[in-house]
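Inspection log for the structure reproduced underneath, given as structure tokens.
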Amino acid sequence: MITVLSGGGGGAKFVDGLSKLTQDFSVIANTGDDIEFYGLHISPDLDTIMYTISGQLDLKKGWGIKNDTFACQKYLKSLGYEDWIGLGDKDLAVHIKRTDLLNSGKTLTEATTELCKKFGVDIPLIPMTNDFFQTHIELDSKIIHFEEYYIKKPEGKIKNIIYKGKEKAKPSEEFLNALDISDYVIIPPSNPLVSIGTILSLKGIRKRLREKTVIGISPLIQGRAVKGPLVELMRSSKYEVNSLGVAKYYEDLLDIFIIDNLESDTAERIRGELGMEILTTNTLMESRKDRIRLSKFVLTRMIK
């Protein structure tokens, strides 16, 4: 059995490819991006993974549901509401359903399971926690939710990444159960600091992961991120902005680290400085064929 720790974006793409090769895995999703908007509970990474696996993701945007319309949000804007988070009509329906389930007493995990059934997703998609947890970014003059930082791209130097609620949030029981029955853990090419770091910050998780065989995939190719503000976040956190920096972030966890073919020089540095097993392959996932190819590469390294 395998457990995959995932954010949206690269993590969702990898999970989609893996799902075409095996069903023997669970996905633990980052909930640090969760936010309340229009009085609704929005779970960006959970939804991106669910939409991606079900084939409903808007591939052009990289978020939301394909062929969605925005009539409701346009009207909300005319009534004076903010619209900096793009929420289509179908997407809003999902958030309304989730919020209704939560208000009825369901946990976030239970609500996610019910939504996944509606989307035909059979692979266990498990929130990292059922408790309040949000990632915030501290800038020179203010602290804002990560989603606001990611979407609005405000000016100002990043001073700190804050995991709000970390002290009280506990790993969900379903998360711990998934780890208990897994021999392998995969960390796909998600953002280490705001997609995976949130999961790793939960009490006892790093210790549990050290008992497993952990395979990680770098989200950087020659110091560049495919998507998102990873470069800025790593620089502000004093990590070298390349796959060596990512390897150091995961140093106490990884048994195998996979980086792109273009980084053979970095591979040698990681081996020399960290003594880590490094494998190289094409890590860019531009198509579903690429997702399956990368997933197959990882699986074959598990059973070699």
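Lettering and numbering for the structure tokens are positional, with chains as A, B, ... in the shown order, residues counted from 1 in each chain, and ligands counted from 1 in the shown order.
Residues lying within 10 Å of Ala12 (chain A), counting only C-alpha atoms and ignoring same-chain neighbours fewer than 5 positions away, are Ser6, Gly7, Gly17, Leu18, Val27, Ala29, Asp45, Leu46, Asp47, Thr48, Ile49, Met50, Tyr51, Thr52, Ile53, Pro188, Pro189, Ser190 and Arg291 of chain A.
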Dump of N, CA, C and O atoms for the selected residues, as a PDB file, in the first residue's frame:
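again-v9.pdb, written as the output of this step:
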ATOM      1  N   SER A   6       0.062  15.241  -0.854  1.00  0.00           N
ATOM      2  CA  SER A   6      -0.109  16.059  -2.050  1.00  0.00           C
ATOM      3  C   SER A   6      -0.740  17.422  -1.799  1.00  0.00           C
ATOM      4  O   SER A   6      -1.595  17.583  -0.925  1.00  0.00           O
ATOM      5  N   GLY A   7      -0.283  18.376  -2.613  1.00  0.00           N
ATOM      6  CA  GLY A   7      -0.982  19.637  -2.751  1.00  0.00           C
ATOM      7  C   GLY A   7      -1.764  19.570  -4.059  1.00  0.00           C
ATOM      8  O   GLY A   7      -2.011  18.485  -4.598  1.00  0.00           O
ATOM      9  N   GLY A  17      -1.861  10.433 -12.755  1.00  0.00           N
ATOM     10  CA  GLY A  17      -1.082   9.419 -13.470  1.00  0.00           C
ATOM     11  C   GLY A  17      -0.994   8.120 -12.717  1.00  0.00           C
ATOM     12  O   GLY A  17      -1.149   7.033 -13.282  1.00  0.00           O
ATOM     13  N   LEU A  18      -0.780   8.202 -11.409  1.00  0.00           N
ATOM     14  CA  LEU A  18      -0.669   7.008 -10.573  1.00  0.00           C
ATOM     15  C   LEU A  18      -1.974   6.216 -10.573  1.00  0.00           C
ATOM     16  O   LEU A  18      -1.964   4.977 -10.566  1.00  0.00           O
ATOM     17  N   VAL A  27      -4.472   9.242  -0.810  1.00  0.00           N
ATOM     18  CA  VAL A  27      -3.913  10.581  -0.988  1.00  0.00           C
ATOM     19  C   VAL A  27      -4.220  11.422   0.249  1.00  0.00           C
ATOM     20  O   VAL A  27      -5.381  11.530   0.651  1.00  0.00           O
ATOM     21  N   ALA A  29      -4.209  15.114   1.477  1.00  0.00           N
ATOM     22  CA  ALA A  29      -4.184  16.424   0.830  1.00  0.00           C
ATOM     23  C   ALA A  29      -3.943  17.556   1.822  1.00  0.00           C
ATOM     24  O   ALA A  29      -4.456  17.551   2.946  1.00  0.00           O
ATOM     25  N   ASP A  45      -6.967  22.585  -2.637  1.00  0.00           N
ATOM     26  CA  ASP A  45      -6.171  21.420  -3.034  1.00  0.00           C
ATOM     27  C   ASP A  45      -7.016  20.152  -3.094  1.00  0.00           C
ATOM     28  O   ASP A  45      -6.866  19.333  -4.010  1.00  0.00           O
ATOM     29  N   LEU A  46      -7.897  19.966  -2.131  1.00  0.00           N
ATOM     30  CA  LEU A  46      -8.798  18.811  -2.173  1.00  0.00           C
ATOM     31  C   LEU A  46      -9.608  18.816  -3.464  1.00  0.00           C
ATOM     32  O   LEU A  46      -9.741  17.786  -4.136  1.00  0.00           O
ATOM     33  N   ASP A  47     -10.117  19.985  -3.823  1.00  0.00           N
ATOM     34  CA  ASP A  47     -10.949  20.068  -5.021  1.00  0.00           C
ATOM     35  C   ASP A  47     -10.135  19.863  -6.296  1.00  0.00           C
ATOM     36  O   ASP A  47     -10.583  19.178  -7.223  1.00  0.00           O
ATOM     37  N   THR A  48      -8.941  20.440  -6.339  1.00  0.00           N
ATOM     38  CA  THR A  48      -8.111  20.271  -7.536  1.00  0.00           C
ATOM     39  C   THR A  48      -7.781  18.800  -7.758  1.00  0.00           C
ATOM     40  O   THR A  48      -7.823  18.304  -8.890  1.00  0.00           O
ATOM     41  N   ILE A  49      -7.464  18.085  -6.693  1.00  0.00           N
ATOM     42  CA  ILE A  49      -7.176  16.652  -6.818  1.00  0.00           C
ATOM     43  C   ILE A  49      -8.429  15.897  -7.263  1.00  0.00           C
ATOM     44  O   ILE A  49      -8.379  15.066  -8.172  1.00  0.00           O
ATOM     45  N   MET A  50      -9.563  16.200  -6.643  1.00  0.00           N
ATOM     46  CA  MET A  50     -10.816  15.528  -6.981  1.00  0.00           C
ATOM     47  C   MET A  50     -11.228  15.809  -8.426  1.00  0.00           C
ATOM     48  O   MET A  50     -11.604  14.891  -9.164  1.00  0.00           O
ATOM     49  N   TYR A  51     -11.146  17.055  -8.837  1.00  0.00           N
ATOM     50  CA  TYR A  51     -11.499  17.403 -10.220  1.00  0.00           C
ATOM     51  C   TYR A  51     -10.532  16.764 -11.216  1.00  0.00           C
ATOM     52  O   TYR A  51     -10.940  16.333 -12.301  1.00  0.00           O
ATOM     53  N   THR A  52      -9.254  16.709 -10.859  1.00  0.00           N
ATOM     54  CA  THR A  52      -8.251  16.150 -11.776  1.00  0.00           C
ATOM     55  C   THR A  52      -8.480  14.659 -11.983  1.00  0.00           C
ATOM     56  O   THR A  52      -8.520  14.179 -13.123  1.00  0.00           O
ATOM     57  N   ILE A  53      -8.612  13.902 -10.902  1.00  0.00           N
ATOM     58  CA  ILE A  53      -8.806  12.449 -11.012  1.00  0.00           C
ATOM     59  C   ILE A  53     -10.091  12.117 -11.762  1.00  0.00           C
ATOM     60  O   ILE A  53     -10.145  11.173 -12.549  1.00  0.00           O
ATOM     61  N   PRO A 188       5.065  13.894  -4.137  1.00  0.00           N
ATOM     62  CA  PRO A 188       5.128  14.298  -5.535  1.00  0.00           C
ATOM     63  C   PRO A 188       5.673  15.718  -5.678  1.00  0.00           C
ATOM     64  O   PRO A 188       5.995  16.372  -4.667  1.00  0.00           O
ATOM     65  N   PRO A 189       5.775  16.227  -6.902  1.00  0.00           N
ATOM     66  CA  PRO A 189       6.349  17.567  -7.087  1.00  0.00           C
ATOM     67  C   PRO A 189       5.395  18.697  -6.706  1.00  0.00           C
ATOM     68  O   PRO A 189       4.995  19.514  -7.528  1.00  0.00           O
ATOM     69  N   SER A 190       5.014  18.713  -5.437  1.00  0.00           N
ATOM     70  CA  SER A 190       4.228  19.808  -4.871  1.00  0.00           C
ATOM     71  C   SER A 190       5.172  20.775  -4.154  1.00  0.00           C
ATOM     72  O   SER A 190       6.329  20.455  -3.899  1.00  0.00           O
ATOM     73  N   ARG A 291       2.263  12.111 -17.075  1.00  0.00           N
ATOM     74  CA  ARG A 291       1.917  11.789 -15.682  1.00  0.00           C
ATOM     75  C   ARG A 291       2.058  10.293 -15.426  1.00  0.00           C
ATOM     76  O   ARG A 291       2.602   9.877 -14.398  1.00  0.00           O
TER      77      ARG A 291
END
Got a sec: who's within 12 Å of Ile270 (chain A), counting only C-alpha atoms, leaving out chain neighbours fewer than 2 positions off, as JSON, numbers by chain? {"A": [240, 242, 243, 244, 245, 246, 247, 248, 250, 251, 256, 257, 258, 259, 263, 264, 265, 266, 267, 268, 272, 273, 274, 275, 276, 277, 278, 279]}
Go ahead and dump the residues you just picked, C-alpha atoms, as a tab-separated table (two decimals), in the first residue's frame.
chain	number	residue	atom	x	y	z
A	240	GLU	CA	19.03	27.30	-1.98
A	242	ASN	CA	17.27	24.34	-6.64
A	243	SER	CA	16.66	20.63	-6.05
A	244	LEU	CA	19.47	20.58	-3.48
A	245	GLY	CA	17.47	23.07	-1.42
A	246	VAL	CA	14.40	20.85	-1.70
A	247	ALA	CA	16.46	17.78	-0.73
A	248	LYS	CA	17.71	19.58	2.39
A	250	TYR	CA	13.23	16.73	3.20
A	251	GLU	CA	16.66	15.47	4.32
A	256	ILE	CA	15.11	8.21	-2.71
A	257	PHE	CA	14.94	11.62	-4.38
A	258	ILE	CA	13.98	11.98	-8.04
A	259	ILE	CA	15.07	15.05	-10.00
A	263	GLU	CA	19.94	18.54	-13.28
A	264	SER	CA	22.74	15.97	-13.47
A	265	ASP	CA	25.16	18.48	-11.91
A	266	THR	CA	22.78	19.05	-8.99
A	267	ALA	CA	22.42	15.28	-8.58
A	268	GLU	CA	26.12	14.99	-7.89
A	272	GLY	CA	28.05	14.42	-2.19
A	273	GLU	CA	26.54	16.69	0.46
A	274	LEU	CA	23.64	14.57	1.72
A	275	GLY	CA	24.58	11.03	0.76
A	276	MET	CA	21.08	10.58	-0.62
A	277	GLU	CA	20.10	8.14	-3.38
A	278	ILE	CA	19.30	10.25	-6.43
A	279	LEU	CA	17.51	9.15	-9.59
Could you produce a table of the residues of region 187-293 of chain A lying within 12 Å of region 57-69 of chain A, with the nearest pair of atoms per residue and their separation in Å rounded to one decimal, using only C-alpha atoms, ordered by chain and increasing residue number, as JSON lines?
{"residue": "A:Lys227", "atom": "CA", "partner": "A:Gly62", "partner_atom": "CA", "distance": 9.9}
{"residue": "A:Gly228", "atom": "CA", "partner": "A:Gly62", "partner_atom": "CA", "distance": 11.4}
{"residue": "A:Glu286", "atom": "CA", "partner": "A:Leu59", "partner_atom": "CA", "distance": 10.7}
{"residue": "A:Ser287", "atom": "CA", "partner": "A:Leu59", "partner_atom": "CA", "distance": 10.3}
{"residue": "A:Arg288", "atom": "CA", "partner": "A:Leu59", "partner_atom": "CA", "distance": 11.2}
Give me, as CSV, each residue of region 45-155 of chain A that comes within 10 Å of region 195-217 of chain A, together with its shortest interatomic pair and the distance in Å at one decimal, counting only C-alpha atoms, with rows ordered by chain and rising residue number.
residue,atom,partner,partner_atom,distance
A:Asp45,CA,A:Ser195,CA,8.6
A:Pro127,CA,A:Ile199,CA,9.5
A:Met128,CA,A:Ile199,CA,6.1
A:Thr129,CA,A:Leu202,CA,8.5
A:Phe133,CA,A:Thr198,CA,8.6
A:Gln134,CA,A:Thr198,CA,8.7
A:Thr135,CA,A:Thr198,CA,7.7
### Message
Can you tell me which residues surround Ile126 (chain A) at a distance of at most 9 Å, considering only C-alpha atoms, apart from same-chain residues fewer than 3 positions away, and format the answer as an NGL selection string?
### Response
:A and (26-29 or 46 or 108-110 or 112-113 or 129 or 172 or 174-175 or 178)
From the list A:Ile35, A:Leu102, A:Ile123, A:Met302, the nearest residue to Asp16 (chain A) using only C-alpha atoms is A:Ile123
Legend entry - Between CA of Gly88 (chain A) and CA of Ala111 (chain A) - distance in Å to one decimal: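 Those two atoms sit 20.0 Å apart.
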Distance in Å - CA of Gly32 (chain A) versus CA of Cys72 (chain A) =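 These atoms are spaced 26.2 Å apart.
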Practice task
Write out as a list in words each polymer residue whose atoms come within 12 Å of Tyr38 (chain A), counting only C-alpha atoms; drop sequence neighbours fewer than 6 positions from it.
Solution key: Cys72, Gln73, Leu76, Lys77, Gly80, Tyr81, Glu82, Asp83, Trp84, Ile85, Gly86, Leu87, Leu92, His95, Ile96 and Thr99 of chain A
Check: For the atom pair CA of Glu232 (chain A) and CA of His41 (chain A), what is the interatomic distance in Å to one decimal place?
Finding: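 Interatomic distance here is 27.6 Å.
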Item to complete: Could you please write out, as a PyMOL selection string, every residue of region 11-242 of chain A that DSSP assigns to helix (DSSP H, G or I)?
Response: chain A and resi 11-19+44-54+71-78+89-103+108-118+146-152+173-180+192-200+205-209+230-236
Counting only C-alpha atoms, the residue among A:Lys157, A:Phe25, A:Gly120, A:Gly10 that lies closest to Leu299 (chain A) is A:Phe25
Of A:Arg98, A:Lys74, A:Arg301, A:His136, the one sitting nearest Ser43 (chain A) when using only C-alpha atoms is A:Arg98
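Counting only C-alpha atoms, the residue from A:Ser19, A:Ser218, A:Thr283, A:Thr31 that sits nearest to Phe146 (chain A) is A:Thr31.
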Exercise. Using the chain letters and numbers from this document, which residues of region 61-244 of chain A does DSSP assign to strand (DSSP E or B), as an MDAnalysis selection string?
Worked result: chainID A and resid 65 125:127 129 134:138 143:145 160:164 171 184:187 213:217 220:221 224:225
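Using only C-alpha atoms, the smallest distance between any of A:Asp89, A:Asp252, A:Asp100, A:Asp34 and Val194 (chain A) comes from A:Asp34.
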Q | Counting only C-alpha atoms, the option among A:Leu176, A:Leu5, A:Ile161, A:Leu284 closest to Gln222 (chain A) | A |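 Closest candidate: A:Leu284.
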- Query: Leaving out Ser141 (chain A) and any residue of its chain fewer than 2 positions from it, which residues lie within 12 Å of it when counting only C-alpha atoms, given as an MDAnalysis selection string?
  - Reply: chainID A and resid 137:139 143:144 154:160
